[in-house]
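Below is one structure, written out as structure tokens; comments come after it.
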Amino acid sequence: CWEGYEMVGHKMKNGKKVPNCVPKKSAKKSLPLIEQPMLTMDDMGSMHGENKSMKVVIPVPKHAAEKVKMQGGTEAGDMHITLAYLPQDTDITMLRMVASEFANSLSTPINLEMTGVGRFNHEDKDVLYISVDSPELAFQRERLIAMLEGNGIVVDKEHGFDPHITIAYLDKEEETPRINESYLCSWMFYCLEVWQGPFKYKYHTIHSPDRGVF
């Protein structure tokens, strides 16, 4: 990198991987690290009945999550759309580098829209969820998977990609709660997170108004 700049991961330019050079003053701020234990490894594995302690997600912003939060359901700060499940032994350094590259590579903001409420069976509980629609998201998710696999990271292929936000787990015999669908909203995808056990690593896209803010 040039004098006064330093490398923070890599980025794609003209189809090639090149150093991502940023001014030294803002280098650390461009990849903020959040290490506040909010979920245990057991909690994360049990959310879908399996031991998947790493994943790449899109967090739901607070203003949107608070509107659909239910008593006894998923906490607003934990609502997310899962993009990829990863094995426990995934190289976290490489994973974080790829997540950073992916966030930096998004050239235009992506709109995500809550479109309805549904319920599906899963082992001993049912999942109450909000479906999410975005014409661009499936394509960008495939790009992310290709970047992960291209860097030797194994991605769990057991689940297909049906973007949704889990808002509660219900007993089989429990009635489906009524959700005021007027609370459903849309937001711009400005942030990506890597979840590793109790830690969340946050990466803002280049369009994020919070980029460089801890």
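By convention in this document, the chains of the structure tokens carry letters A, B, ... by their order, each chain's residues are numbered from 1, and ligands are numbered from 1 in the order they are shown.
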
Let's see if you can do this: from backbone DSSP, list all alpha helix (DSSP H) residues in range 37-157 of chain A, as a PyMOL selection string.
chain A and resi 41-46+62-68+92-105+137-150

Residues near Glu66 in chain A, anyone? I mean within 10 Å using only C-alpha atoms, not counting same-chain ones fewer than 5 positions away, as a PyMOL selection string.
chain A and resi 60-61+75-77+79+183

For Met54 in chain A: contacts at 8 Å, only C-alpha atoms, fewer than 6 positions along chain excluded, given as a list in words:
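Near Met54 in chain A, the qualifying residues are Tyr85, Leu86, Pro87, Gln88, Thr90, Val194, Trp195, Gln196 and Gly197 of chain A.
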
Those residues you just picked out, can you put them in a file as a PDB file, in the first residue's frame with N, CA, C and O atoms?
ATOM      1  N   TYR A  85     -24.362 -21.251   6.993  1.00  0.00           N
ATOM      2  CA  TYR A  85     -23.949 -21.990   8.184  1.00  0.00           C
ATOM      3  C   TYR A  85     -22.562 -22.576   7.925  1.00  0.00           C
ATOM      4  O   TYR A  85     -22.264 -23.035   6.809  1.00  0.00           O
ATOM      5  N   LEU A  86     -21.742 -22.585   8.972  1.00  0.00           N
ATOM      6  CA  LEU A  86     -20.362 -23.032   8.821  1.00  0.00           C
ATOM      7  C   LEU A  86     -19.990 -23.987   9.953  1.00  0.00           C
ATOM      8  O   LEU A  86     -20.500 -23.861  11.070  1.00  0.00           O
ATOM      9  N   PRO A  87     -19.081 -24.939   9.697  1.00  0.00           N
ATOM     10  CA  PRO A  87     -18.648 -25.870  10.744  1.00  0.00           C
ATOM     11  C   PRO A  87     -17.915 -25.160  11.880  1.00  0.00           C
ATOM     12  O   PRO A  87     -17.363 -24.064  11.706  1.00  0.00           O
ATOM     13  N   GLN A  88     -17.883 -25.817  13.033  1.00  0.00           N
ATOM     14  CA  GLN A  88     -17.221 -25.252  14.213  1.00  0.00           C
ATOM     15  C   GLN A  88     -15.756 -24.933  13.971  1.00  0.00           C
ATOM     16  O   GLN A  88     -15.224 -23.961  14.503  1.00  0.00           O
ATOM     17  N   THR A  90     -14.173 -23.893  11.405  1.00  0.00           N
ATOM     18  CA  THR A  90     -13.867 -22.944  10.330  1.00  0.00           C
ATOM     19  C   THR A  90     -12.768 -21.975  10.771  1.00  0.00           C
ATOM     20  O   THR A  90     -12.754 -21.508  11.905  1.00  0.00           O
ATOM     21  N   VAL A 194     -20.505 -11.868  11.225  1.00  0.00           N
ATOM     22  CA  VAL A 194     -20.050 -13.243  11.420  1.00  0.00           C
ATOM     23  C   VAL A 194     -20.302 -13.581  12.880  1.00  0.00           C
ATOM     24  O   VAL A 194     -19.852 -12.852  13.770  1.00  0.00           O
ATOM     25  N   TRP A 195     -21.027 -14.652  13.134  1.00  0.00           N
ATOM     26  CA  TRP A 195     -21.296 -15.089  14.507  1.00  0.00           C
ATOM     27  C   TRP A 195     -20.440 -16.304  14.816  1.00  0.00           C
ATOM     28  O   TRP A 195     -20.509 -17.329  14.129  1.00  0.00           O
ATOM     29  N   GLN A 196     -19.656 -16.180  15.859  1.00  0.00           N
ATOM     30  CA  GLN A 196     -18.813 -17.277  16.333  1.00  0.00           C
ATOM     31  C   GLN A 196     -19.091 -17.451  17.818  1.00  0.00           C
ATOM     32  O   GLN A 196     -18.583 -16.715  18.648  1.00  0.00           O
ATOM     33  N   GLY A 197     -19.916 -18.452  18.144  1.00  0.00           N
ATOM     34  CA  GLY A 197     -20.282 -18.636  19.535  1.00  0.00           C
ATOM     35  C   GLY A 197     -20.873 -17.355  20.082  1.00  0.00           C
ATOM     36  O   GLY A 197     -21.798 -16.784  19.501  1.00  0.00           O
TER      37      GLY A 197
END

Quick one: residues within 12 Å of Glu174 in chain A, only C-alpha atoms, excluding same-chain residues fewer than 5 positions away - as a list in words?
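Once the nearby chain positions are removed, what remains is Arg119, Lys125, Asp126, Val127, Leu128, Ala168 and Tyr169 of chain A.
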
Env of Met94 in chain A: 9 Å cut, atoms = only C-alpha atoms, seq-sep filter 6 positions within chain, self excluded. Answer as an mmCIF file with all heavy atoms, in the first residue's frame.
data_model
loop_
_atom_site.group_PDB
_atom_site.id
_atom_site.type_symbol
_atom_site.label_atom_id
_atom_site.label_comp_id
_atom_site.auth_asym_id
_atom_site.auth_seq_id
_atom_site.Cartn_x
_atom_site.Cartn_y
_atom_site.Cartn_z
ATOM 1 N N LEU A 148 -16.522 -17.707 -0.177
ATOM 2 C CA LEU A 148 -16.150 -18.560 0.957
ATOM 3 C C LEU A 148 -15.476 -19.839 0.464
ATOM 4 O O LEU A 148 -14.379 -20.197 0.912
ATOM 5 C CB LEU A 148 -17.388 -18.907 1.789
ATOM 6 C CG LEU A 148 -18.033 -17.758 2.575
ATOM 7 C CD1 LEU A 148 -19.398 -18.172 3.109
ATOM 8 C CD2 LEU A 148 -17.130 -17.323 3.721
ATOM 9 N N ASN A 151 -12.036 -19.635 -0.956
ATOM 10 C CA ASN A 151 -10.976 -19.463 0.035
ATOM 11 C C ASN A 151 -10.876 -20.658 0.980
ATOM 12 O O ASN A 151 -10.324 -20.545 2.076
ATOM 13 C CB ASN A 151 -11.210 -18.178 0.829
ATOM 14 C CG ASN A 151 -10.852 -16.935 0.051
ATOM 15 O OD1 ASN A 151 -9.689 -16.547 -0.029
ATOM 16 N ND2 ASN A 151 -11.847 -16.304 -0.557
ATOM 17 N N GLY A 152 -11.426 -21.800 0.536
ATOM 18 C CA GLY A 152 -11.266 -23.039 1.288
ATOM 19 C C GLY A 152 -12.192 -23.198 2.469
ATOM 20 O O GLY A 152 -11.963 -24.072 3.328
ATOM 21 N N ILE A 153 -13.250 -22.395 2.558
ATOM 22 C CA ILE A 153 -14.191 -22.487 3.677
ATOM 23 C C ILE A 153 -15.369 -23.368 3.276
ATOM 24 O O ILE A 153 -16.019 -23.130 2.252
ATOM 25 C CB ILE A 153 -14.688 -21.088 4.087
ATOM 26 C CG1 ILE A 153 -13.510 -20.250 4.601
ATOM 27 C CG2 ILE A 153 -15.782 -21.183 5.144
ATOM 28 C CD1 ILE A 153 -13.869 -18.812 4.918
#

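Minimum atom-to-atom distance to Ser186 in chain A, evaluated using only C-alpha atoms, belongs to A:Thr115 out of A:Ser105, A:Thr93, A:Asn121, A:Thr115.
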
Pick out the residues sitting within 9 Å of Asp162 in chain A, and hand them over as a list in words; count only C-alpha atoms, and ignore anything fewer than 2 positions along from it in its own chain.
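Here the qualifying residues turn out to be Ser131, Val132, Ala138, His159, Gly160 and His164 of chain A.
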
Those same residues - N, CA and C atoms - I'd like them written as a compact mmCIF listing (two decimals), in the first residue's frame.
# COMPACT_ATOMS: atom_id res chain seq x y z
N SER A 131 -41.15 -13.76 6.52
CA SER A 131 -40.47 -13.94 5.24
C SER A 131 -39.92 -12.60 4.75
N VAL A 132 -38.82 -12.69 4.02
CA VAL A 132 -38.14 -11.49 3.52
C VAL A 132 -37.94 -11.62 2.02
N ALA A 138 -30.63 -13.19 -3.33
CA ALA A 138 -30.23 -14.55 -3.69
C ALA A 138 -28.94 -14.56 -4.51
N HIS A 159 -29.29 -26.89 4.21
CA HIS A 159 -30.46 -26.03 4.12
C HIS A 159 -30.44 -25.23 2.82
N GLY A 160 -31.60 -25.12 2.18
CA GLY A 160 -31.71 -24.24 1.04
C GLY A 160 -31.78 -22.80 1.54
N HIS A 164 -35.56 -15.52 5.77
CA HIS A 164 -36.60 -15.30 6.76
C HIS A 164 -35.97 -14.86 8.08

Go through range 86-193 of chain A and flag each residue having an atom no more than 6 Å from range 203-206 of chain A; for those, report the closest pair of atoms plus their distance in Å to one decimal, using only C-alpha atoms, ordered by chain and rising number, as a tab-separated table.
residue	atom	partner	partner_atom	distance
A:Ser100	CA	A:Tyr203	CA	6.0
A:Ala103	CA	A:Thr205	CA	4.6
A:Asn104	CA	A:Thr205	CA	5.4
A:Tyr190	CA	A:Thr205	CA	5.3
A:Cys191	CA	A:His204	CA	4.4
A:Leu192	CA	A:Tyr203	CA	5.2

Resulting file, chosen residues, all heavy atoms, as a compact mmCIF listing (two decimals), in the first residue's frame:
# COMPACT_ATOMS: atom_id res chain seq x y z
N SER A 100 -15.32 -9.36 5.19
CA SER A 100 -14.93 -7.97 4.93
C SER A 100 -14.88 -7.68 3.44
O SER A 100 -15.39 -6.65 2.97
CB SER A 100 -13.57 -7.70 5.57
OG SER A 100 -13.08 -6.43 5.19
N ALA A 103 -18.46 -7.47 2.04
CA ALA A 103 -19.13 -6.22 2.40
C ALA A 103 -18.59 -5.07 1.55
O ALA A 103 -19.35 -4.22 1.07
CB ALA A 103 -18.94 -5.94 3.88
N ASN A 104 -17.28 -5.05 1.34
CA ASN A 104 -16.66 -3.98 0.55
C ASN A 104 -17.01 -4.07 -0.93
O ASN A 104 -16.91 -3.09 -1.66
CB ASN A 104 -15.14 -4.01 0.71
CG ASN A 104 -14.68 -3.45 2.04
OD1 ASN A 104 -15.29 -2.54 2.58
ND2 ASN A 104 -13.61 -4.00 2.58
N TYR A 190 -27.11 -2.80 5.02
CA TYR A 190 -25.89 -2.04 5.17
C TYR A 190 -24.84 -2.76 6.01
O TYR A 190 -23.74 -2.23 6.19
CB TYR A 190 -26.18 -0.70 5.85
CG TYR A 190 -26.83 0.34 4.97
CD1 TYR A 190 -27.97 1.01 5.40
CD2 TYR A 190 -26.31 0.67 3.73
CE1 TYR A 190 -28.57 1.98 4.61
CE2 TYR A 190 -26.90 1.63 2.93
CZ TYR A 190 -28.03 2.29 3.38
OH TYR A 190 -28.61 3.24 2.59
N CYS A 191 -25.18 -3.93 6.55
CA CYS A 191 -24.30 -4.53 7.54
C CYS A 191 -24.34 -6.05 7.45
O CYS A 191 -25.40 -6.65 7.25
CB CYS A 191 -24.71 -4.07 8.93
SG CYS A 191 -23.76 -4.81 10.27
N LEU A 192 -23.19 -6.66 7.61
CA LEU A 192 -23.02 -8.11 7.61
C LEU A 192 -22.34 -8.50 8.92
O LEU A 192 -21.51 -7.75 9.43
CB LEU A 192 -22.13 -8.51 6.43
CG LEU A 192 -21.90 -10.00 6.15
CD1 LEU A 192 -23.14 -10.58 5.47
CD2 LEU A 192 -20.69 -10.17 5.24

Between A:Gly73, A:Pro177, A:Gly150, A:Pro163, which has the minimum distance to Ile130 in chain A (counting only C-alpha atoms)?
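Closest to Ile130 in chain A, using only C-alpha atoms: A:Pro163.
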
When distances are computed from only C-alpha atoms, which of A:Ser53, A:Ser208, A:Gln140, A:Thr82 shows the smallest separation from Ile165 in chain A?
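Checking each candidate against Ile165 in chain A, we get A:Thr82 as the closest.
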